>>> print(open('structure35.pdb').read())   # PDB, C-alpha atoms, pLDDT in the B column
ATOM      1  CA  MET A   1     -87.029 155.139 -52.832  1.00 38.00           C
ATOM      2  CA  ALA A   2     -87.734 156.613 -49.422  1.00 47.00           C
ATOM      3  CA  GLU A   3     -87.924 160.379 -49.147  1.00 62.00           C
ATOM      4  CA  ARG A   4     -85.389 160.530 -46.324  1.00 81.00           C
ATOM      5  CA  ARG A   5     -82.255 162.239 -47.593  1.00 91.00           C
ATOM      6  CA  LEU A   6     -78.838 161.056 -46.454  1.00 95.00           C
ATOM      7  CA  VAL A   7     -75.546 162.793 -47.155  1.00 96.00           C
ATOM      8  CA  PHE A   8     -72.384 160.845 -46.334  1.00 98.00           C
ATOM      9  CA  VAL A   9     -69.031 162.630 -46.212  1.00 98.00           C
ATOM     10  CA  MET A  10     -66.359 160.082 -47.096  1.00 98.00           C
ATOM     11  CA  GLY A  11     -62.657 159.901 -47.944  1.00 98.00           C
ATOM     12  CA  VAL A  12     -59.349 158.922 -46.380  1.00 98.00           C
ATOM     13  CA  GLN A  13     -58.478 160.335 -42.954  1.00 97.00           C
ATOM     14  CA  ARG A  14     -56.626 163.686 -43.015  1.00 97.00           C
ATOM     15  CA  SER A  15     -58.116 164.615 -46.384  1.00 97.00           C
ATOM     16  CA  GLY A  16     -60.331 167.441 -45.139  1.00 97.00           C
ATOM     17  CA  THR A  17     -63.308 165.283 -44.200  1.00 97.00           C
ATOM     18  CA  ASN A  18     -63.741 167.015 -40.851  1.00 96.00           C
ATOM     19  CA  ALA A  19     -63.665 170.525 -42.340  1.00 96.00           C
ATOM     20  CA  LEU A  20     -66.174 169.393 -44.949  1.00 96.00           C
ATOM     21  CA  PHE A  21     -68.445 167.834 -42.334  1.00 96.00           C
ATOM     22  CA  LYS A  22     -68.322 170.971 -40.176  1.00 95.00           C
ATOM     23  CA  SER A  23     -69.106 173.105 -43.218  1.00 95.00           C
ATOM     24  CA  LEU A  24     -72.163 171.001 -44.032  1.00 94.00           C
ATOM     25  CA  GLU A  25     -73.542 170.235 -40.587  1.00 92.00           C
ATOM     26  CA  ARG A  26     -75.144 173.615 -39.926  1.00 86.00           C
ATOM     27  CA  GLY A  27     -77.466 172.995 -42.883  1.00 89.00           C
ATOM     28  CA  ALA A  28     -78.528 169.471 -41.896  1.00 92.00           C
ATOM     29  CA  LYS A  29     -81.353 168.749 -39.474  1.00 91.00           C
ATOM     30  CA  HIS A  30     -79.351 165.863 -37.970  1.00 95.00           C
ATOM     31  CA  ALA A  31     -75.568 165.449 -38.157  1.00 96.00           C
ATOM     32  CA  PHE A  32     -73.468 162.515 -36.924  1.00 98.00           C
ATOM     33  CA  ASN A  33     -69.694 162.740 -36.983  1.00 97.00           C
ATOM     34  CA  GLU A  34     -67.808 159.468 -36.616  1.00 96.00           C
ATOM     35  CA  ALA A  35     -67.448 158.543 -32.953  1.00 97.00           C
ATOM     36  CA  ASP A  36     -66.416 155.782 -30.612  1.00 97.00           C
ATOM     37  CA  ASP A  37     -69.980 155.570 -29.305  1.00 98.00           C
ATOM     38  CA  SER A  38     -73.019 157.360 -30.739  1.00 97.00           C
ATOM     39  CA  PRO A  39     -76.418 156.425 -32.163  1.00 97.00           C
ATOM     40  CA  LEU A  40     -74.886 155.658 -35.589  1.00 98.00           C
ATOM     41  CA  PHE A  41     -71.301 154.732 -34.699  1.00 98.00           C
ATOM     42  CA  THR A  42     -69.368 152.311 -32.544  1.00 98.00           C
ATOM     43  CA  GLY A  43     -65.589 152.213 -32.569  1.00 97.00           C
ATOM     44  CA  PHE A  44     -65.664 154.852 -35.362  1.00 97.00           C
ATOM     45  CA  TYR A  45     -67.478 152.466 -37.729  1.00 98.00           C
ATOM     46  CA  LEU A  46     -71.170 152.511 -38.572  1.00 98.00           C
ATOM     47  CA  ARG A  47     -73.186 150.255 -36.335  1.00 98.00           C
ATOM     48  CA  ASP A  48     -74.919 147.235 -37.822  1.00 97.00           C
ATOM     49  CA  ASP A  49     -76.912 148.439 -40.826  1.00 97.00           C
ATOM     50  CA  ALA A  50     -80.219 147.380 -39.270  1.00 97.00           C
ATOM     51  CA  VAL A  51     -79.426 149.447 -36.180  1.00 97.00           C
ATOM     52  CA  VAL A  52     -78.461 152.473 -38.257  1.00 97.00           C
ATOM     53  CA  CYS A  53     -81.625 152.183 -40.326  1.00 96.00           C
ATOM     54  CA  SER A  54     -83.771 152.006 -37.199  1.00 96.00           C
ATOM     55  CA  VAL A  55     -82.232 155.286 -36.037  1.00 96.00           C
ATOM     56  CA  LEU A  56     -82.627 156.914 -39.436  1.00 95.00           C
ATOM     57  CA  ASP A  57     -86.259 155.883 -39.664  1.00 93.00           C
ATOM     58  CA  GLY A  58     -86.979 157.857 -36.511  1.00 93.00           C
ATOM     59  CA  LEU A  59     -85.540 161.075 -37.956  1.00 93.00           C
ATOM     60  CA  SER A  60     -86.802 163.624 -40.452  1.00 88.00           C
ATOM     61  CA  GLY A  61     -85.160 166.057 -42.815  1.00 89.00           C
ATOM     62  CA  VAL A  62     -81.649 165.783 -44.208  1.00 92.00           C
ATOM     63  CA  VAL A  63     -79.339 163.494 -42.207  1.00 95.00           C
ATOM     64  CA  LEU A  64     -75.593 164.091 -42.512  1.00 96.00           C
ATOM     65  CA  ALA A  65     -72.994 161.530 -41.402  1.00 98.00           C
ATOM     66  CA  LYS A  66     -69.243 161.061 -41.764  1.00 98.00           C
ATOM     67  CA  PRO A  67     -68.533 157.297 -42.000  1.00 98.00           C
ATOM     68  CA  ILE A  68     -65.014 157.610 -43.375  1.00 98.00           C
ATOM     69  CA  SER A  69     -63.633 154.460 -41.741  1.00 97.00           C
ATOM     70  CA  GLU A  70     -66.156 152.307 -43.609  1.00 97.00           C
ATOM     71  CA  THR A  71     -63.863 151.939 -46.623  1.00 97.00           C
ATOM     72  CA  LYS A  72     -61.366 150.117 -44.447  1.00 97.00           C
ATOM     73  CA  ARG A  73     -63.817 147.199 -44.338  1.00 97.00           C
ATOM     74  CA  ARG A  74     -66.242 147.552 -47.276  1.00 97.00           C
ATOM     75  CA  SER A  75     -66.535 149.354 -50.575  1.00 98.00           C
ATOM     76  CA  VAL A  76     -68.448 152.498 -51.442  1.00 98.00           C
ATOM     77  CA  SER A  77     -70.691 150.335 -53.629  1.00 98.00           C
ATOM     78  CA  ASP A  78     -71.448 148.153 -50.602  1.00 98.00           C
ATOM     79  CA  VAL A  79     -72.437 151.255 -48.643  1.00 98.00           C
ATOM     80  CA  PHE A  80     -74.862 152.262 -51.389  1.00 98.00           C
ATOM     81  CA  ALA A  81     -76.311 148.746 -51.407  1.00 97.00           C
ATOM     82  CA  ALA A  82     -76.790 148.789 -47.632  1.00 97.00           C
ATOM     83  CA  TYR A  83     -78.738 152.056 -47.792  1.00 96.00           C
ATOM     84  CA  ALA A  84     -80.557 151.482 -51.071  1.00 95.00           C
ATOM     85  CA  ASN A  85     -83.882 152.381 -49.479  1.00 93.00           C
ATOM     86  CA  TYR A  86     -82.724 155.933 -48.824  1.00 95.00           C
ATOM     87  CA  ASP A  87     -81.897 158.917 -50.998  1.00 95.00           C
ATOM     88  CA  LEU A  88     -78.161 158.692 -50.342  1.00 96.00           C
ATOM     89  CA  SER A  89     -75.579 161.097 -51.718  1.00 96.00           C
ATOM     90  CA  VAL A  90     -71.852 160.622 -51.092  1.00 97.00           C
ATOM     91  CA  ILE A  91     -69.431 163.534 -51.133  1.00 97.00           C
ATOM     92  CA  TRP A  92     -65.934 162.101 -51.476  1.00 98.00           C
ATOM     93  CA  ILE A  93     -63.051 164.440 -50.726  1.00 98.00           C
ATOM     94  CA  TYR A  94     -59.458 163.614 -51.631  1.00 98.00           C
ATOM     95  CA  ARG A  95     -56.168 165.368 -51.012  1.00 98.00           C
ATOM     96  CA  ASP A  96     -52.643 165.362 -52.412  1.00 98.00           C
ATOM     97  CA  PRO A  97     -51.438 162.060 -50.891  1.00 98.00           C
ATOM     98  CA  VAL A  98     -48.057 163.544 -49.959  1.00 98.00           C
ATOM     99  CA  ASN A  99     -49.673 166.199 -47.775  1.00 98.00           C
ATOM    100  CA  CYS A 100     -52.237 163.679 -46.561  1.00 98.00           C
ATOM    101  CA  TYR A 101     -49.416 161.409 -45.399  1.00 98.00           C
ATOM    102  CA  ALA A 102     -47.644 164.212 -43.544  1.00 97.00           C
ATOM    103  CA  SER A 103     -50.837 165.094 -41.685  1.00 96.00           C
ATOM    104  CA  HIS A 104     -51.547 161.428 -40.980  1.00 97.00           C
ATOM    105  CA  ILE A 105     -48.190 160.616 -39.397  1.00 97.00           C
ATOM    106  CA  GLU A 106     -48.313 163.797 -37.346  1.00 95.00           C
ATOM    107  CA  ARG A 107     -51.442 162.488 -35.636  1.00 95.00           C
ATOM    108  CA  TRP A 108     -51.070 158.687 -35.713  1.00 96.00           C
ATOM    109  CA  THR A 109     -48.151 156.257 -35.626  1.00 96.00           C
ATOM    110  CA  GLY A 110     -49.448 153.438 -37.844  1.00 95.00           C
ATOM    111  CA  PHE A 111     -47.798 154.586 -41.084  1.00 97.00           C
ATOM    112  CA  ARG A 112     -44.793 156.412 -39.671  1.00 96.00           C
ATOM    113  CA  ASN A 113     -41.693 155.383 -41.627  1.00 97.00           C
ATOM    114  CA  ARG A 114     -43.996 153.289 -43.857  1.00 98.00           C
ATOM    115  CA  PRO A 115     -44.816 155.571 -46.809  1.00 98.00           C
ATOM    116  CA  GLU A 116     -45.192 152.639 -49.203  1.00 98.00           C
ATOM    117  CA  ALA A 117     -47.831 151.022 -46.984  1.00 98.00           C
ATOM    118  CA  PHE A 118     -49.641 154.351 -46.721  1.00 98.00           C
ATOM    119  CA  ALA A 119     -49.602 154.783 -50.493  1.00 98.00           C
ATOM    120  CA  THR A 120     -51.107 151.320 -50.933  1.00 98.00           C
ATOM    121  CA  ALA A 121     -53.869 151.960 -48.383  1.00 98.00           C
ATOM    122  CA  TRP A 122     -54.589 155.435 -49.800  1.00 98.00           C
ATOM    123  CA  SER A 123     -54.883 154.030 -53.317  1.00 98.00           C
ATOM    124  CA  GLN A 124     -57.081 151.102 -52.317  1.00 98.00           C
ATOM    125  CA  ARG A 125     -59.554 153.259 -50.438  1.00 98.00           C
ATOM    126  CA  ASN A 126     -59.748 155.963 -53.084  1.00 98.00           C
ATOM    127  CA  GLN A 127     -60.089 153.303 -55.781  1.00 98.00           C
ATOM    128  CA  SER A 128     -63.283 152.251 -54.003  1.00 98.00           C
ATOM    129  CA  VAL A 129     -65.059 155.457 -54.972  1.00 98.00           C
ATOM    130  CA  LEU A 130     -63.764 155.231 -58.537  1.00 98.00           C
ATOM    131  CA  ASP A 131     -65.205 151.718 -58.783  1.00 98.00           C
ATOM    132  CA  ALA A 132     -68.585 152.998 -57.581  1.00 98.00           C
ATOM    133  CA  LEU A 133     -68.878 155.757 -60.172  1.00 98.00           C
ATOM    134  CA  GLY A 134     -70.139 153.426 -62.885  1.00 95.00           C
ATOM    135  CA  SER A 135     -73.240 152.427 -60.916  1.00 96.00           C
ATOM    136  CA  HIS A 136     -73.709 155.406 -58.621  1.00 97.00           C
ATOM    137  CA  GLY A 137     -72.029 158.307 -60.388  1.00 96.00           C
ATOM    138  CA  ASP A 138     -75.186 160.408 -60.289  1.00 95.00           C
ATOM    139  CA  ARG A 139     -75.103 160.296 -56.487  1.00 96.00           C
ATOM    140  CA  ILE A 140     -71.364 160.752 -55.921  1.00 97.00           C
ATOM    141  CA  THR A 141     -69.640 164.121 -55.865  1.00 96.00           C
ATOM    142  CA  LEU A 142     -65.837 164.098 -56.030  1.00 97.00           C
ATOM    143  CA  VAL A 143     -64.079 167.151 -54.641  1.00 97.00           C
ATOM    144  CA  ARG A 144     -60.424 168.109 -54.193  1.00 97.00           C
ATOM    145  CA  TYR A 145     -59.358 169.357 -50.786  1.00 97.00           C
ATOM    146  CA  GLU A 146     -57.075 171.903 -52.428  1.00 97.00           C
ATOM    147  CA  ASP A 147     -59.959 173.402 -54.426  1.00 96.00           C
ATOM    148  CA  LEU A 148     -62.126 173.832 -51.339  1.00 96.00           C
ATOM    149  CA  THR A 149     -59.335 175.505 -49.353  1.00 96.00           C
ATOM    150  CA  ARG A 150     -58.943 178.073 -52.129  1.00 94.00           C
ATOM    151  CA  SER A 151     -62.606 178.800 -52.777  1.00 94.00           C
ATOM    152  CA  PRO A 152     -65.208 179.278 -50.028  1.00 92.00           C
ATOM    153  CA  ALA A 153     -67.722 179.896 -52.811  1.00 93.00           C
ATOM    154  CA  MET A 154     -67.078 176.389 -54.125  1.00 93.00           C
ATOM    155  CA  VAL A 155     -67.861 174.983 -50.667  1.00 94.00           C
ATOM    156  CA  VAL A 156     -71.154 176.895 -50.586  1.00 92.00           C
ATOM    157  CA  SER A 157     -71.985 175.661 -54.086  1.00 93.00           C
ATOM    158  CA  LEU A 158     -71.206 172.097 -53.021  1.00 92.00           C
ATOM    159  CA  GLY A 159     -73.640 172.417 -50.142  1.00 90.00           C
ATOM    160  CA  ALA A 160     -76.316 173.748 -52.463  1.00 90.00           C
ATOM    161  CA  SER A 161     -75.853 170.720 -54.720  1.00 89.00           C
ATOM    162  CA  VAL A 162     -77.034 168.444 -51.885  1.00 87.00           C
ATOM    163  CA  GLY A 163     -79.666 170.848 -50.585  1.00 86.00           C
ATOM    164  CA  LEU A 164     -77.721 172.331 -47.662  1.00 87.00           C
ATOM    165  CA  ARG A 165     -77.041 175.978 -46.859  1.00 85.00           C
ATOM    166  CA  ILE A 166     -73.524 176.075 -45.469  1.00 86.00           C
ATOM    167  CA  ARG A 167     -70.483 178.158 -44.615  1.00 87.00           C
ATOM    168  CA  SER A 168     -66.926 177.066 -45.370  1.00 92.00           C
ATOM    169  CA  LYS A 169     -64.827 175.850 -42.428  1.00 93.00           C
ATOM    170  CA  PHE A 170     -61.710 175.213 -44.525  1.00 95.00           C
ATOM    171  CA  ARG A 171     -58.403 176.855 -43.697  1.00 91.00           C
ATOM    172  CA  ARG A 172     -55.451 177.648 -45.925  1.00 89.00           C
ATOM    173  CA  ASP A 173     -53.556 174.587 -47.172  1.00 91.00           C
ATOM    174  CA  HIS A 174     -49.989 174.776 -45.869  1.00 89.00           C
ATOM    175  CA  ARG A 175     -48.796 171.849 -48.035  1.00 94.00           C
ATOM    176  CA  ARG A 176     -46.614 170.695 -45.164  1.00 92.00           C
ATOM    177  CA  GLY A 177     -45.749 167.345 -46.707  1.00 96.00           C
ATOM    178  CA  ARG A 178     -44.426 168.919 -49.882  1.00 96.00           C
ATOM    179  CA  ARG A 179     -42.296 171.306 -47.825  1.00 96.00           C
ATOM    180  CA  GLU A 180     -40.974 169.003 -45.106  1.00 96.00           C
ATOM    181  CA  LEU A 181     -40.891 165.367 -46.229  1.00 97.00           C
ATOM    182  CA  SER A 182     -37.717 164.001 -47.796  1.00 97.00           C
ATOM    183  CA  ARG A 183     -37.494 163.611 -51.554  1.00 97.00           C
ATOM    184  CA  GLU A 184     -37.248 159.859 -51.087  1.00 98.00           C
ATOM    185  CA  VAL A 185     -40.513 159.672 -49.117  1.00 98.00           C
ATOM    186  CA  VAL A 186     -42.291 161.974 -51.568  1.00 98.00           C
ATOM    187  CA  SER A 187     -41.119 159.806 -54.466  1.00 98.00           C
ATOM    188  CA  VAL A 188     -42.380 156.608 -52.813  1.00 98.00           C
ATOM    189  CA  ILE A 189     -45.825 158.111 -52.206  1.00 98.00           C
ATOM    190  CA  GLU A 190     -46.055 159.613 -55.674  1.00 98.00           C
ATOM    191  CA  GLU A 191     -45.129 156.337 -57.348  1.00 98.00           C
ATOM    192  CA  GLY A 192     -47.617 154.390 -55.243  1.00 98.00           C
ATOM    193  CA  THR A 193     -50.555 156.744 -55.791  1.00 98.00           C
ATOM    194  CA  GLN A 194     -50.008 158.228 -59.247  1.00 98.00           C
ATOM    195  CA  GLY A 195     -52.511 156.113 -61.159  1.00 98.00           C
ATOM    196  CA  VAL A 196     -55.378 156.520 -58.694  1.00 98.00           C
ATOM    197  CA  LEU A 197     -54.699 160.238 -58.227  1.00 98.00           C
ATOM    198  CA  GLN A 198     -54.791 160.813 -61.973  1.00 98.00           C
ATOM    199  CA  ALA A 199     -58.062 158.888 -62.213  1.00 98.00           C
ATOM    200  CA  LEU A 200     -59.575 160.946 -59.382  1.00 98.00           C
ATOM    201  CA  ASP A 201     -58.501 164.207 -61.010  1.00 98.00           C
ATOM    202  CA  HIS A 202     -59.952 163.095 -64.318  1.00 97.00           C
ATOM    203  CA  ALA A 203     -63.269 162.044 -62.768  1.00 97.00           C
ATOM    204  CA  CYS A 204     -63.423 165.252 -60.745  1.00 93.00           C
ATOM    205  CA  GLU A 205     -63.161 167.349 -63.895  1.00 89.00           C
ATOM    206  CA  LEU A 206     -65.882 165.552 -65.830  1.00 78.00           C
TER     207      LEU A 206
END
>>> encode(input="structure35.pdb", output="structure tokens")
Amino acid sequence: MAERRLVFVMGVQRSGTNALFKSLERGAKHAFNEADDSPLFTGFYLRDDAVVCSVLDGLSGVVLAKPISETKRRSVSDVFAAYANYDLSVIWIYRDPVNCYASHIERWTGFRNRPEAFATAWSQRNQSVLDALGSHGDRITLVRYEDLTRSPAMVVSLGASVGLRIRSKFRRDHRRGRRELSREVVSVIEEGTQGVLQALDHACEL
């Protein structure tokens, strides 16, 4: 395996991926947030794998990237397969899907008034990391958004686990969805995500 170290921050949008990326980036030699147009990204997806690898091969030190949209089109296992020649670690962050939904619909319109569709998409994408644990569990770190908002020390420890000296950029969790969404919407999301959320919690505690 090549010596070049890659750290990918992944998870569903509005799950704390940006706060996690910003916490980690000061410790990485090169950091690439998702973007419409950048050396690694086009339209917020990773560029063709060969193009990405050509960029990576010109860099040194730890490379951090946040390709969170990738699980809309391929699995976490597929990402590991594409970058098998690198020392890749994935940090997957997940959040209470009720609060994730509230944050999502505040920013984007796609799932507004469609909590069932959101629950399905949230479950499918988070299931992708659960499916990858069997083959790549030693290179995947699962973390709960709520834990990181409560403990800056946990964020620092997480950085140390992937070789990065960092400072927490997480803010207090206001749990807006739990406070403001209707009981009906909360119930729909809970029913649609319960199994995957329980599996994530269980895997996170192992």
>>> closest_atom_pairs(input="structure35.pdb", of="segment 59-152 of chain A", to="segment 160-178 of chain A", cutoff="12 Å", atoms="all atoms listed in the file", output="tab-separated table")
residue	atom	partner	partner_atom	distance
A:Gly61	CA	A:Gly163	CA	10.7
A:Val62	CA	A:Leu164	CA	8.4
A:Val63	CA	A:Leu164	CA	10.5
A:Leu64	CA	A:Leu164	CA	9.9
A:Asp87	CA	A:Val162	CA	10.7
A:Leu88	CA	A:Val162	CA	9.9
A:Ser89	CA	A:Val162	CA	7.5
A:Val90	CA	A:Val162	CA	9.4
A:Ile91	CA	A:Val162	CA	9.1
A:Arg95	CA	A:Arg175	CA	10.3
A:Asp96	CA	A:Arg175	CA	8.7
A:Pro97	CA	A:Gly177	CA	8.8
A:Val98	CA	A:Gly177	CA	5.5
A:Asn99	CA	A:Gly177	CA	4.2
A:Cys100	CA	A:Gly177	CA	7.5
A:Tyr101	CA	A:Gly177	CA	7.1
A:Ala102	CA	A:Gly177	CA	4.8
A:Ser103	CA	A:Gly177	CA	7.5
A:His104	CA	A:Gly177	CA	10.1
A:Ile105	CA	A:Gly177	CA	10.2
A:Glu106	CA	A:Gly177	CA	10.3
A:Pro115	CA	A:Gly177	CA	11.8
A:Asp138	CA	A:Ser161	CA	11.7
A:Arg139	CA	A:Val162	CA	9.6
A:Ile140	CA	A:Val162	CA	10.4
A:Thr141	CA	A:Ser161	CA	9.1
A:Arg144	CA	A:Asp173	CA	11.8
A:Tyr145	CA	A:Asp173	CA	8.6
A:Glu146	CA	A:Asp173	CA	6.9
A:Asp147	CA	A:Asp173	CA	9.7
A:Leu148	CA	A:Phe170	CA	7.0
A:Thr149	CA	A:Phe170	CA	5.4
A:Arg150	CA	A:Arg172	CA	7.1
A:Ser151	CA	A:Ser168	CA	8.7
A:Pro152	CA	A:Ser168	CA	5.4
>>> atom_distance(input="structure35.pdb", atom1="atom CA of Ala132 of chain A", atom2="atom CA of Ser23 of chain A")
24.7 Å
>>> atom_distance(input="structure35.pdb", atom1="atom CA of Gln127 of chain A", atom2="atom CA of Val188 of chain A")
18.3 Å
>>> atom_distance(input="structure35.pdb", atom1="atom CA of Thr109 of chain A", atom2="atom CA of Ser187 of chain A")
20.4 Å
>>> closest_residue(input="structure35.pdb", among="A:Ala84, A:Ala121, A:Leu56, A:Val156", to="Gly27 of chain A", atoms="all atoms listed in the file")
A:Val156
>>> closest_residue(input="structure35.pdb", among="A:Leu46, A:Leu206, A:Val52, A:Leu59", to="Arg73 of chain A", atoms="all atoms listed in the file")
A:Leu46
>>> closest_residue(input="structure35.pdb", among="A:Val143, A:Val9, A:Ser128, A:Phe41", to="Ser157 of chain A", atoms="all atoms listed in the file")
A:Val143
>>> closest_residue(input="structure35.pdb", among="A:Glu205, A:Asp48, A:Glu25, A:Glu180", to="Phe8 of chain A", atoms="only C-alpha atoms")
A:Glu25
>>> resolve_selection(input="structure35.pdb", expression="the PyMOL selection byres ((chain A and resi 66) around 9)", output="list of chain:residue names")
A:Val7, A:Phe8, A:Val9, A:Met10, A:Thr17, A:Asn18, A:Phe21, A:Ala31, A:Phe32, A:Asn33, A:Glu34, A:Leu64, A:Ala65, A:Pro67, A:Ile68, A:Ser69
>>> closest_residue(input="structure35.pdb", among="A:Val76, A:Arg47, A:Leu130, A:Ala117", to="His202 of chain A", atoms="all atoms listed in the file")
A:Leu130
>>> closest_residue(input="structure35.pdb", among="A:Gly159, A:Ser123, A:Thr193, A:Asn113", to="Arg26 of chain A", atoms="only C-alpha atoms")
A:Gly159
>>> decode(input="structure35.pdb", residues="segment 87-109 of chain A", atoms="C-alpha atoms", output="PDB file, in the first residue's frame")
ATOM      1  CA  ASP A  87      -3.801   4.473   3.086  1.00  0.00           C
ATOM      2  CA  LEU A  88      -7.418   5.621   3.296  1.00  0.00           C
ATOM      3  CA  SER A  89      -9.310   6.216   6.523  1.00  0.00           C
ATOM      4  CA  VAL A  90     -12.988   7.207   6.544  1.00  0.00           C
ATOM      5  CA  ILE A  91     -14.518   9.148   9.414  1.00  0.00           C
ATOM      6  CA  TRP A  92     -18.286   8.791   9.147  1.00  0.00           C
ATOM      7  CA  ILE A  93     -20.377  11.182  11.210  1.00  0.00           C
ATOM      8  CA  TYR A  94     -24.100  10.690  11.765  1.00  0.00           C
ATOM      9  CA  ARG A  95     -26.748  12.747  13.507  1.00  0.00           C
ATOM     10  CA  ASP A  96     -30.206  12.254  14.985  1.00  0.00           C
ATOM     11  CA  PRO A  97     -32.190  12.041  11.715  1.00  0.00           C
ATOM     12  CA  VAL A  98     -34.983  14.236  13.086  1.00  0.00           C
ATOM     13  CA  ASN A  99     -32.594  17.122  13.708  1.00  0.00           C
ATOM     14  CA  CYS A 100     -30.759  16.335  10.480  1.00  0.00           C
ATOM     15  CA  TYR A 101     -34.030  16.667   8.571  1.00  0.00           C
ATOM     16  CA  ALA A 102     -34.871  20.006  10.178  1.00  0.00           C
ATOM     17  CA  SER A 103     -31.467  21.399   9.225  1.00  0.00           C
ATOM     18  CA  HIS A 104     -31.754  19.949   5.724  1.00  0.00           C
ATOM     19  CA  ILE A 105     -35.119  21.492   4.872  1.00  0.00           C
ATOM     20  CA  GLU A 106     -34.026  24.827   6.294  1.00  0.00           C
ATOM     21  CA  ARG A 107     -31.291  24.972   3.661  1.00  0.00           C
ATOM     22  CA  TRP A 108     -32.693  23.008   0.699  1.00  0.00           C
ATOM     23  CA  THR A 109     -36.158  22.381  -0.728  1.00  0.00           C
TER      24      THR A 109
END
